[in-house]
>>> print(open('query00.cif').read())   # mmCIF, C-alpha atoms
data_data
loop_
_atom_site.label_atom_id
_atom_site.label_comp_id
_atom_site.auth_asym_id
_atom_site.auth_seq_id
_atom_site.Cartn_x
_atom_site.Cartn_y
_atom_site.Cartn_z
CA MET A 28 17.94 -12.15 -29.01
CA GLU A 29 18.93 -9.67 -31.73
CA ASN A 30 22.14 -7.76 -31.46
CA GLY A 31 20.46 -4.34 -31.88
CA MET A 32 17.98 -5.08 -29.14
CA LEU A 33 20.73 -6.26 -26.82
CA LYS A 34 22.61 -3.02 -27.43
CA THR A 35 19.54 -0.89 -26.79
CA GLU A 36 18.87 -2.68 -23.52
CA ALA A 37 22.53 -2.36 -22.45
CA LEU A 38 22.46 1.34 -23.33
CA LEU A 39 19.29 1.82 -21.28
CA ARG A 40 20.85 0.04 -18.31
CA LEU A 41 24.04 2.10 -18.65
CA SER A 42 22.05 5.35 -18.71
CA ALA A 43 20.01 4.17 -15.72
CA ILE A 44 23.23 3.46 -13.77
CA GLY A 45 24.51 6.97 -14.57
CA VAL A 46 21.34 8.71 -13.48
CA LEU A 47 20.94 6.50 -10.37
CA VAL A 48 24.50 7.22 -9.20
CA LEU A 49 24.00 10.93 -9.91
CA THR A 50 20.78 10.93 -7.85
CA ALA A 51 22.40 9.08 -4.93
CA CYS A 52 25.38 11.47 -4.93
CA LEU A 53 23.22 14.61 -5.19
CA VAL A 54 20.99 13.50 -2.31
CA GLY A 55 23.75 11.99 -0.16
CA THR A 56 26.18 14.91 -0.30
CA ASN A 57 23.54 17.58 0.27
CA THR A 58 24.08 19.70 3.41
CA GLN A 59 23.36 23.25 4.49
CA THR A 60 24.42 25.01 7.69
CA LYS A 61 22.38 27.89 9.09
CA HIS A 62 22.82 30.19 12.08
CA VAL A 63 19.55 29.71 13.93
CA PHE A 64 20.44 32.07 16.77
CA PHE A 65 23.58 34.18 17.23
CA SER A 66 25.88 31.34 18.21
CA VAL A 67 23.76 28.25 17.50
CA GLU A 68 24.37 26.49 14.20
CA ARG A 69 21.90 24.00 12.69
CA LYS A 70 22.97 21.72 9.90
CA ALA A 71 20.46 20.16 7.49
CA THR A 72 21.60 16.80 6.11
CA VAL A 73 20.01 13.87 4.37
CA LYS A 74 19.73 12.16 7.78
CA ASP A 75 16.96 14.55 8.85
CA LEU A 76 14.47 12.65 6.70
CA ASP A 77 14.44 8.84 6.74
CA ALA A 78 12.89 8.78 3.27
CA LEU A 79 16.01 10.46 1.82
CA VAL A 80 18.37 7.99 3.51
CA ILE A 81 16.29 5.11 2.14
CA LEU A 82 16.34 6.72 -1.32
CA VAL A 83 20.18 6.89 -1.33
CA ILE A 84 20.42 3.22 -0.31
CA VAL A 85 17.82 2.05 -2.85
CA GLU A 86 19.37 4.04 -5.72
CA SER A 87 22.84 2.65 -4.93
CA VAL A 88 21.64 -0.95 -4.70
CA THR A 89 19.65 -0.52 -7.94
CA ALA A 90 22.70 0.90 -9.76
CA PHE A 91 24.72 -2.11 -8.57
CA TYR A 92 21.98 -4.47 -9.78
CA HIS A 93 22.04 -2.94 -13.27
CA LEU A 94 25.84 -3.17 -13.27
CA LEU A 95 25.53 -6.90 -12.56
CA GLN A 96 23.00 -7.23 -15.40
CA LEU A 97 25.42 -5.43 -17.73
CA GLY A 98 28.21 -7.75 -16.58
CA LYS A 99 26.00 -10.67 -17.56
CA TYR A 100 25.99 -9.42 -21.17
CA PHE A 101 29.61 -8.37 -21.52
CA ALA A 102 31.89 -10.18 -19.09
CA PHE A 103 30.35 -13.63 -19.26
CA PRO A 104 29.32 -14.32 -22.85
CA ARG A 105 30.41 -17.91 -22.33
CA PHE A 106 27.87 -18.32 -19.55
CA LYS A 107 25.09 -17.87 -22.09
CA GLU A 108 26.61 -20.34 -24.54
CA LYS A 109 26.90 -23.02 -21.91
CA LYS A 110 23.16 -22.77 -21.23
CA ALA A 111 23.40 -23.79 -17.60
CA ILE A 112 19.77 -22.71 -17.33
CA SER A 113 17.30 -22.53 -20.21
CA TYR A 114 16.65 -19.26 -22.05
CA GLU A 115 13.06 -19.22 -20.78
CA THR A 116 14.14 -19.48 -17.13
CA GLN A 117 16.70 -16.72 -17.67
CA ALA A 118 14.02 -14.49 -19.22
CA TRP A 119 11.64 -15.18 -16.30
CA ILE A 120 14.30 -14.39 -13.66
CA CYS A 121 15.32 -11.23 -15.51
CA PHE A 122 11.67 -10.15 -15.86
CA MET A 123 10.86 -10.73 -12.16
CA LEU A 124 14.01 -9.00 -10.89
CA ASP A 125 13.51 -6.02 -13.21
CA GLN A 126 9.89 -5.66 -12.10
CA ILE A 127 10.76 -5.79 -8.39
CA VAL A 128 13.70 -3.37 -8.74
CA THR A 129 11.64 -0.94 -10.85
CA TYR A 130 8.71 -0.84 -8.43
CA VAL A 131 10.93 -0.55 -5.33
CA ASN A 132 12.93 2.26 -6.95
CA PHE A 133 9.78 4.08 -8.08
CA GLY A 134 8.30 3.70 -4.59
CA ALA A 135 11.43 5.05 -2.89
CA THR A 136 11.50 8.05 -5.24
CA VAL A 137 7.82 8.84 -4.68
CA ALA A 138 8.18 8.47 -0.89
CA ALA A 139 11.18 10.85 -0.85
CA ALA A 140 9.25 13.29 -3.03
CA GLN A 141 6.26 13.17 -0.66
CA ALA A 142 8.40 13.73 2.45
CA SER A 143 10.21 16.61 0.73
CA MET A 144 6.88 18.08 -0.37
CA LEU A 145 5.80 18.20 3.29
CA ALA A 146 9.05 20.03 4.09
CA VAL A 147 8.06 22.61 1.46
CA THR A 148 4.37 23.00 2.29
CA GLY A 149 4.36 22.11 5.99
CA SER A 150 0.97 21.27 7.49
CA ARG A 151 -1.11 23.89 9.26
CA ASP A 152 -3.49 21.32 10.73
CA PHE A 153 -0.62 19.33 12.23
CA GLN A 154 1.44 22.43 13.14
CA TRP A 155 4.36 21.18 11.04
CA MET A 156 6.58 24.09 10.05
CA LYS A 157 7.82 24.75 6.51
CA VAL A 158 11.42 23.60 6.90
CA CYS A 159 12.33 24.70 3.37
CA ARG A 160 11.85 28.33 4.35
CA ILE A 161 15.03 27.96 6.43
CA TYR A 162 17.10 25.63 4.23
CA LYS A 163 16.40 26.97 0.75
CA ARG A 164 19.53 25.80 -1.08
CA PHE A 165 19.25 22.34 0.52
CA CYS A 166 15.68 22.03 -0.71
CA PHE A 167 16.53 23.16 -4.25
CA GLN A 168 19.22 20.48 -4.48
CA ILE A 169 16.76 17.84 -3.23
CA GLY A 170 14.29 19.00 -5.89
CA GLY A 171 16.93 18.58 -8.60
CA SER A 172 17.96 15.16 -7.38
CA LEU A 173 14.34 13.98 -7.23
CA THR A 174 13.96 15.04 -10.89
CA CYS A 175 16.99 12.83 -11.63
CA GLY A 176 15.34 10.05 -9.63
CA LEU A 177 12.20 10.39 -11.76
CA VAL A 178 14.28 10.13 -14.96
CA ALA A 179 15.92 6.99 -13.55
CA SER A 180 12.48 5.52 -12.80
CA ILE A 181 11.27 6.20 -16.35
CA LEU A 182 14.41 4.54 -17.78
CA MET A 183 13.80 1.54 -15.54
CA ILE A 184 10.16 1.27 -16.61
CA MET A 185 11.46 1.11 -20.19
CA ILE A 186 13.98 -1.58 -19.18
CA SER A 187 11.32 -3.69 -17.51
CA THR A 188 9.09 -3.33 -20.60
CA PHE A 189 12.05 -4.65 -22.60
CA SER A 190 12.45 -7.66 -20.36
CA ALA A 191 8.67 -8.32 -20.46
CA PHE A 192 8.94 -8.24 -24.26
CA ASN A 193 11.88 -10.66 -24.20
CA LEU A 194 9.94 -13.06 -22.01
CA PHE A 195 6.41 -13.03 -23.39
CA ARG A 196 7.40 -13.09 -27.08
CA LEU A 197 8.48 -16.68 -26.40
CA TYR A 198 4.87 -17.72 -25.78
CA SER A 199 2.26 -18.86 -28.26
CA PRO A 200 -0.23 -16.15 -29.31
CA LYS A 201 -2.99 -18.77 -29.39
CA ARG A 202 -2.62 -20.95 -26.31
CA PHE A 203 -2.06 -19.86 -22.71
CA LEU A 204 1.47 -20.26 -21.32
CA VAL A 205 2.54 -22.61 -24.09
CA PHE A 206 5.89 -21.99 -25.77
CA LYS A 207 6.22 -21.58 -29.50
CA GLY A 208 7.66 -24.55 -31.35
CA MET B 2 -7.55 -14.74 -26.49
CA GLU B 3 -8.51 -17.87 -24.59
CA ASN B 4 -11.69 -17.95 -22.59
CA GLY B 5 -9.97 -19.02 -19.36
CA MET B 6 -7.46 -16.24 -19.59
CA LEU B 7 -10.19 -13.68 -20.27
CA LYS B 8 -12.04 -14.89 -17.19
CA THR B 9 -8.94 -14.71 -15.00
CA GLU B 10 -8.22 -11.16 -16.15
CA ALA B 11 -11.85 -10.13 -15.58
CA LEU B 12 -11.75 -11.69 -12.11
CA LEU B 13 -8.53 -9.82 -11.28
CA ARG B 14 -10.06 -6.53 -12.44
CA LEU B 15 -13.23 -7.23 -10.44
CA SER B 16 -11.20 -7.93 -7.29
CA ALA B 17 -9.13 -4.79 -7.91
CA ILE B 18 -12.33 -2.70 -8.19
CA GLY B 19 -13.58 -4.13 -4.88
CA VAL B 20 -10.35 -3.46 -3.01
CA LEU B 21 -9.94 0.01 -4.58
CA VAL B 22 -13.46 1.08 -3.60
CA LEU B 23 -12.92 -0.33 -0.10
CA THR B 24 -9.67 1.63 0.25
CA ALA B 25 -11.25 4.88 -0.99
CA CYS B 26 -14.21 4.45 1.42
CA LEU B 27 -12.01 3.57 4.41
CA VAL B 28 -9.74 6.58 3.85
CA GLY B 29 -12.49 9.00 2.80
CA THR B 30 -14.87 8.34 5.69
CA ASN B 31 -12.19 8.35 8.38
CA THR B 32 -12.66 11.04 11.08
CA GLN B 33 -11.87 11.40 14.76
CA THR B 34 -12.87 14.20 17.13
CA LYS B 35 -10.78 15.02 20.20
CA HIS B 36 -11.12 17.50 23.03
CA VAL B 37 -7.84 19.37 22.86
CA PHE B 38 -8.68 21.72 25.73
CA PHE B 39 -11.77 21.84 27.93
CA SER B 40 -14.08 23.35 25.34
CA VAL B 41 -12.00 23.21 22.15
CA GLU B 42 -12.68 20.32 19.78
CA ARG B 43 -10.26 19.29 17.04
CA LYS B 44 -11.41 17.00 14.26
CA ALA B 45 -8.96 14.90 12.25
CA THR B 46 -10.16 14.20 8.71
CA VAL B 47 -8.64 13.04 5.46
CA LYS B 48 -8.31 16.72 4.44
CA ASP B 49 -5.50 17.25 6.95
CA LEU B 50 -3.08 15.47 4.62
CA ASP B 51 -3.12 16.26 0.91
CA ALA B 52 -1.60 12.84 0.13
CA LEU B 53 -4.72 11.13 1.57
CA VAL B 54 -7.10 13.31 -0.49
CA ILE B 55 -5.08 12.49 -3.64
CA LEU B 56 -5.18 8.78 -2.70
CA VAL B 57 -9.00 8.80 -2.47
CA ILE B 58 -9.28 10.52 -5.88
CA VAL B 59 -6.73 8.22 -7.56
CA GLU B 60 -8.31 5.02 -6.13
CA SER B 61 -11.78 6.13 -7.28
CA VAL B 62 -10.63 7.02 -10.81
CA THR B 63 -8.69 3.74 -11.03
CA ALA B 64 -11.75 1.73 -9.94
CA PHE B 65 -13.79 3.50 -12.62
CA TYR B 66 -11.10 2.72 -15.23
CA HIS B 67 -11.20 -0.99 -14.39
CA LEU B 68 -15.00 -0.88 -14.54
CA LEU B 69 -14.75 0.50 -18.09
CA GLN B 70 -12.26 -2.26 -18.97
CA LEU B 71 -14.69 -4.86 -17.60
CA GLY B 72 -17.49 -3.23 -19.61
CA LYS B 73 -15.34 -3.67 -22.73
CA TYR B 74 -15.40 -7.46 -22.17
CA PHE B 75 -18.99 -7.96 -21.17
CA ALA B 76 -21.26 -5.23 -22.47
CA PHE B 77 -19.74 -4.74 -25.90
CA PRO B 78 -18.76 -8.14 -27.25
CA ARG B 79 -19.91 -6.93 -30.66
CA PHE B 80 -17.37 -4.13 -30.58
CA LYS B 81 -14.61 -6.70 -30.67
CA GLU B 82 -16.22 -8.65 -33.51
CA LYS B 83 -16.52 -5.54 -35.67
CA LYS B 84 -12.78 -4.96 -35.33
CA ALA B 85 -12.97 -1.18 -35.61
CA ILE B 86 -9.32 -1.24 -34.56
CA SER B 87 -6.92 -4.15 -34.99
CA TYR B 88 -6.24 -6.58 -32.16
CA GLU B 89 -2.62 -5.39 -31.94
CA THR B 90 -3.64 -1.74 -31.49
CA GLN B 91 -6.16 -2.78 -28.83
CA ALA B 92 -3.47 -4.74 -27.00
CA TRP B 93 -1.05 -1.80 -27.16
CA ILE B 94 -3.66 0.70 -25.84
CA CYS B 95 -4.66 -1.71 -23.08
CA PHE B 96 -1.00 -2.29 -22.14
CA MET B 97 -0.12 1.42 -22.02
CA LEU B 98 -3.23 2.38 -20.03
CA ASP B 99 -2.72 -0.49 -17.56
CA GLN B 100 0.92 0.48 -17.05
CA ILE B 101 0.10 4.17 -16.45
CA VAL B 102 -2.80 3.41 -14.11
CA THR B 103 -0.74 0.84 -12.15
CA TYR B 104 2.24 3.16 -11.62
CA VAL B 105 0.05 6.18 -10.73
CA ASN B 106 -1.91 4.07 -8.25
CA PHE B 107 1.23 2.56 -6.71
CA GLY B 108 2.77 6.05 -6.45
CA ALA B 109 -0.31 7.49 -4.74
CA THR B 110 -0.39 4.61 -2.24
CA VAL B 111 3.33 4.96 -1.40
CA ALA B 112 3.02 8.76 -1.06
CA ALA B 113 0.07 8.38 1.32
CA ALA B 114 1.99 5.74 3.30
CA GLN B 115 5.03 8.04 3.59
CA ALA B 116 2.94 11.01 4.76
CA SER B 117 1.14 8.80 7.29
CA MET B 118 4.47 7.40 8.46
CA LEU B 119 5.61 10.95 9.27
CA ALA B 120 2.40 11.42 11.26
CA VAL B 121 3.38 8.34 13.29
CA THR B 122 7.08 9.03 13.77
CA GLY B 123 7.14 12.82 13.61
CA SER B 124 10.55 14.41 13.02
CA ARG B 125 12.69 15.63 15.89
CA ASP B 126 15.07 17.51 13.61
CA PHE B 127 12.22 19.41 11.98
CA GLN B 128 10.20 19.75 15.24
CA TRP B 129 7.24 17.96 13.66
CA MET B 130 5.04 16.44 16.35
CA LYS B 131 3.74 12.87 16.36
CA VAL B 132 0.13 13.52 15.37
CA CYS B 133 -0.84 9.86 15.76
CA ARG B 134 -0.30 10.13 19.53
CA ILE B 135 -3.44 12.27 19.61
CA TYR B 136 -5.58 10.61 16.94
CA LYS B 137 -4.92 6.92 17.57
CA ARG B 138 -8.10 5.40 16.12
CA PHE B 139 -7.83 7.61 13.04
CA CYS B 140 -4.27 6.43 12.42
CA PHE B 141 -5.16 2.74 12.86
CA GLN B 142 -7.91 3.07 10.24
CA ILE B 143 -5.45 4.78 7.84
CA GLY B 144 -3.02 1.91 8.43
CA GLY B 145 -5.72 -0.63 7.54
CA SER B 146 -6.75 1.24 4.42
CA LEU B 147 -3.16 1.55 3.24
CA THR B 148 -2.83 -2.23 3.57
CA CYS B 149 -5.91 -2.51 1.31
CA GLY B 150 -4.25 -0.02 -1.07
CA LEU B 151 -1.15 -2.22 -1.19
CA VAL B 152 -3.28 -5.28 -2.01
CA ALA B 153 -4.96 -3.26 -4.80
CA SER B 154 -1.52 -2.30 -6.16
CA ILE B 155 -0.36 -5.93 -6.19
CA LEU B 156 -3.55 -6.97 -8.03
CA MET B 157 -2.94 -4.20 -10.57
CA ILE B 158 0.67 -5.25 -11.09
CA MET B 159 -0.69 -8.71 -11.91
CA ILE B 160 -3.23 -7.18 -14.32
CA SER B 161 -0.56 -5.18 -16.12
CA THR B 162 1.61 -8.30 -16.38
CA PHE B 163 -1.40 -9.98 -18.01
CA SER B 164 -1.80 -7.19 -20.55
CA ALA B 165 1.96 -7.22 -21.27
CA PHE B 166 1.63 -10.98 -21.90
CA ASN B 167 -1.34 -10.39 -24.22
CA LEU B 168 0.59 -7.82 -26.21
CA PHE B 169 4.10 -9.24 -26.47
CA ARG B 170 3.07 -12.83 -27.22
CA LEU B 171 1.92 -11.46 -30.59
CA TYR B 172 5.51 -10.72 -31.57
CA SER B 173 8.07 -12.97 -33.20
CA PRO B 174 10.58 -14.54 -30.80
CA LYS B 175 13.27 -14.19 -33.47
CA ARG B 176 12.96 -10.73 -34.99
CA PHE B 177 12.47 -7.40 -33.21
CA LEU B 178 8.96 -5.92 -33.27
CA VAL B 179 7.79 -8.17 -36.09
CA PHE B 180 4.42 -9.88 -35.74
CA LYS B 181 4.04 -13.60 -36.06
CA GLY B 182 2.51 -14.85 -39.27
#
>>> encode(input="query00.cif", output="structure tokens")
Amino acid sequence: MENGMLKTEALLRLSAIGVLVLTACLVGTNTQTKHVFFSVERKATVKDLDALVILVIVESVTAFYHLLQLGKYFAFPRFKEKKAISYETQAWICFMLDQIVTYVNFGATVAAAQASMLAVTGSRDFQWMKVCRIYKRFCFQIGGSLTCGLVASILMIMISTFSAFNLFRLYSPKRFLVFKG
Amino acid sequence: MENGMLKTEALLRLSAIGVLVLTACLVGTNTQTKHVFFSVERKATVKDLDALVILVIVESVTAFYHLLQLGKYFAFPRFKEKKAISYETQAWICFMLDQIVTYVNFGATVAAAQASMLAVTGSRDFQWMKVCRIYKRFCFQIGGSLTCGLVASILMIMISTFSAFNLFRLYSPKRFLVFKG
């Protein structure tokens, strides 16, 4: 693999880690307390919506995964030289893992966005109230963090395109699933 | 491109069209009428949840897209022979379109699943009632159609892996973004 390409991929993973951690922190630390009646306080936290809890977990695990991938490049250069497993197998594992992580992360972000959307719009047919009318600041912060989550997803789609490129360029353009000489 | 590979891709697209149309029909035609009070009837339809309406539209458009892609293989073989655009450009367009369509479709399916999940579980914190306690048959049919939607998404992930393979195998395994001789 070329040095420039390696650097670009590492940079993409580093940016993804930054944005993922930012998203997890923004969602996880979000709270707002409101006086519902004179003496009754109601606190909105991330725990009110399962989709948000799942998002925080998924973003954290994904950030850790990309950290491990970065470690593979920087901390263990000898591992690659030893060639314990072939380059093709490495590329396949990397491709599969990146695909799974990207889709799971994208799914978690979309699910959180959908649940939050229902908190904004409510549902007249189902008699679900518009929760965001009460917790405005909470909802604005969730909106911001979901935008971060979207940026993270786009970065990860780019990363998985990179790893698809790294894998499939090894194959012959003429024959199916045959490696180049 | 090899004949066998072309056939496999066409078969995948054909299966995707079938499952997508099935999903759209199952979701779109789903209704249940209930007597809420003695004389008051309440009808649950797909229009009660925006996410389900969006799912029907996205699945239909996606099915049409794959139909066009199939048409490209079968109805216009001469188009390919004329080479109005180079094979590389074709592969890039196909790859980009497949990626976009796959992610949009996956997103729509996940969003619909999340909204439906809230209809099943409700939310005690937000005082959202469990709508699926009332419309049981409706909810079971939505569950079945979302399973179909998931199958369609998996088929489309396979298709976009195919088109990534078709594109990136054209590139040199040694130098970055340089075509093979």
>>> residues_around(input="query00.cif", residues="range 67-79 of chain A", least_positions_apart="3", cutoff="9 Å", atoms="all atoms listed in the file", output="compact mmCIF listing (two decimals) with C-alpha atoms, in the frame of the given file")
# COMPACT_ATOMS: atom_id res chain seq x y z
CA VAL A 54 20.99 13.50 -2.31
CA GLY A 55 23.75 11.99 -0.16
CA THR A 56 26.18 14.91 -0.30
CA ASN A 57 23.54 17.58 0.27
CA THR A 58 24.08 19.70 3.41
CA GLN A 59 23.36 23.25 4.49
CA THR A 60 24.42 25.01 7.69
CA LYS A 61 22.38 27.89 9.09
CA HIS A 62 22.82 30.19 12.08
CA VAL A 63 19.55 29.71 13.93
CA PHE A 64 20.44 32.07 16.77
CA LEU A 82 16.34 6.72 -1.32
CA VAL A 83 20.18 6.89 -1.33
CA ILE A 84 20.42 3.22 -0.31
CA ALA A 135 11.43 5.05 -2.89
CA THR A 136 11.50 8.05 -5.24
CA ALA A 138 8.18 8.47 -0.89
CA ALA A 139 11.18 10.85 -0.85
CA ALA A 140 9.25 13.29 -3.03
CA GLN A 141 6.26 13.17 -0.66
CA ALA A 142 8.40 13.73 2.45
CA SER A 143 10.21 16.61 0.73
CA TYR A 162 17.10 25.63 4.23
CA PHE A 165 19.25 22.34 0.52
CA ILE A 169 16.76 17.84 -3.23
CA GLN B 115 5.03 8.04 3.59
CA SER B 124 10.55 14.41 13.02
CA ARG B 125 12.69 15.63 15.89
CA ASP B 126 15.07 17.51 13.61
CA PHE B 127 12.22 19.41 11.98
>>> atom_distance(input="query00.cif", atom1="CA of Ile18 in chain B", atom2="CA of Asp99 in chain B")
13.6 Å
>>> residues_around(input="query00.cif", residues="Gly123 in chain B", least_positions_apart="5", cutoff="10 Å", atoms="only C-alpha atoms", output="MDAnalysis selection string")
(chainID A and resid 155) or (chainID B and resid 116:118 128:134)
>>> closest_residue(input="query00.cif", among="A:Leu182, A:Leu53, A:Val205, A:Val137", to="chain B", atoms="all atoms listed in the file")
A:Val137
>>> atom_distance(input="query00.cif", atom1="CA of Ala17 in chain B", atom2="CA of Ile186 in chain A")
25.9 Å
>>> resolve_selection(input="query00.cif", expression="the PyMOL selection byres ((chain A and resi 35) around 12)", output="NGL selection string")
(:A and (28-34 or 36-42 or 97 or 182 or 185-186 or 189-190)) or (:B and (177))
>>> closest_residue(input="query00.cif", among="B:Thr148, B:Thr103, B:Ser61, B:Gln142", to="chain A", atoms="only C-alpha atoms")
B:Thr103
>>> decode(input="query00.cif", residues="range 171-179 of chain A", atoms="all heavy atoms", output="PDB file, in the first residue's frame")
ATOM      1  N   GLY A 171     -27.944  19.008  17.276  1.00  0.00           N
ATOM      2  CA  GLY A 171     -26.529  19.249  16.971  1.00  0.00           C
ATOM      3  C   GLY A 171     -25.726  17.974  16.987  1.00  0.00           C
ATOM      4  O   GLY A 171     -24.901  17.723  16.083  1.00  0.00           O
ATOM      5  N   SER A 172     -25.977  17.127  17.997  1.00  0.00           N
ATOM      6  CA  SER A 172     -25.170  15.907  18.086  1.00  0.00           C
ATOM      7  C   SER A 172     -25.505  14.938  16.947  1.00  0.00           C
ATOM      8  O   SER A 172     -24.616  14.214  16.479  1.00  0.00           O
ATOM      9  CB  SER A 172     -25.341  15.220  19.442  1.00  0.00           C
ATOM     10  OG  SER A 172     -26.489  15.617  20.091  1.00  0.00           O
ATOM     11  N   LEU A 173     -26.777  14.949  16.503  1.00  0.00           N
ATOM     12  CA  LEU A 173     -27.122  14.064  15.384  1.00  0.00           C
ATOM     13  C   LEU A 173     -26.455  14.538  14.092  1.00  0.00           C
ATOM     14  O   LEU A 173     -26.098  13.712  13.239  1.00  0.00           O
ATOM     15  CB  LEU A 173     -28.637  13.976  15.221  1.00  0.00           C
ATOM     16  CG  LEU A 173     -29.334  13.169  16.311  1.00  0.00           C
ATOM     17  CD1 LEU A 173     -30.840  13.220  16.137  1.00  0.00           C
ATOM     18  CD2 LEU A 173     -28.854  11.722  16.297  1.00  0.00           C
ATOM     19  N   THR A 174     -26.271  15.866  13.953  1.00  0.00           N
ATOM     20  CA  THR A 174     -25.526  16.382  12.796  1.00  0.00           C
ATOM     21  C   THR A 174     -24.087  15.864  12.845  1.00  0.00           C
ATOM     22  O   THR A 174     -23.542  15.416  11.826  1.00  0.00           O
ATOM     23  CB  THR A 174     -25.527  17.921  12.796  1.00  0.00           C
ATOM     24  OG1 THR A 174     -26.851  18.367  13.068  1.00  0.00           O
ATOM     25  CG2 THR A 174     -25.067  18.475  11.471  1.00  0.00           C
ATOM     26  N   CYS A 175     -23.482  15.896  14.048  1.00  0.00           N
ATOM     27  CA  CYS A 175     -22.141  15.309  14.229  1.00  0.00           C
ATOM     28  C   CYS A 175     -22.157  13.829  13.847  1.00  0.00           C
ATOM     29  O   CYS A 175     -21.231  13.339  13.191  1.00  0.00           O
ATOM     30  CB  CYS A 175     -21.696  15.414  15.682  1.00  0.00           C
ATOM     31  SG  CYS A 175     -21.011  17.007  16.083  1.00  0.00           S
ATOM     32  N   GLY A 176     -23.183  13.118  14.289  1.00  0.00           N
ATOM     33  CA  GLY A 176     -23.298  11.692  13.991  1.00  0.00           C
ATOM     34  C   GLY A 176     -23.353  11.438  12.498  1.00  0.00           C
ATOM     35  O   GLY A 176     -22.766  10.477  11.990  1.00  0.00           O
ATOM     36  N   LEU A 177     -24.051  12.329  11.775  1.00  0.00           N
ATOM     37  CA  LEU A 177     -24.155  12.208  10.315  1.00  0.00           C
ATOM     38  C   LEU A 177     -22.787  12.402   9.669  1.00  0.00           C
ATOM     39  O   LEU A 177     -22.399  11.646   8.765  1.00  0.00           O
ATOM     40  CB  LEU A 177     -25.146  13.237   9.780  1.00  0.00           C
ATOM     41  CG  LEU A 177     -25.565  13.054   8.332  1.00  0.00           C
ATOM     42  CD1 LEU A 177     -26.433  11.817   8.200  1.00  0.00           C
ATOM     43  CD2 LEU A 177     -26.310  14.279   7.819  1.00  0.00           C
ATOM     44  N   VAL A 178     -22.030  13.421  10.174  1.00  0.00           N
ATOM     45  CA  VAL A 178     -20.674  13.666   9.656  1.00  0.00           C
ATOM     46  C   VAL A 178     -19.811  12.423   9.885  1.00  0.00           C
ATOM     47  O   VAL A 178     -19.082  11.980   8.982  1.00  0.00           O
ATOM     48  CB  VAL A 178     -20.048  14.902  10.340  1.00  0.00           C
ATOM     49  CG1 VAL A 178     -18.577  15.052   9.947  1.00  0.00           C
ATOM     50  CG2 VAL A 178     -20.818  16.160   9.979  1.00  0.00           C
ATOM     51  N   ALA A 179     -19.922  11.833  11.088  1.00  0.00           N
ATOM     52  CA  ALA A 179     -19.160  10.620  11.395  1.00  0.00           C
ATOM     53  C   ALA A 179     -19.522   9.505  10.415  1.00  0.00           C
ATOM     54  O   ALA A 179     -18.641   8.784   9.921  1.00  0.00           O
ATOM     55  CB  ALA A 179     -19.429  10.178  12.830  1.00  0.00           C
TER      56      ALA A 179
END
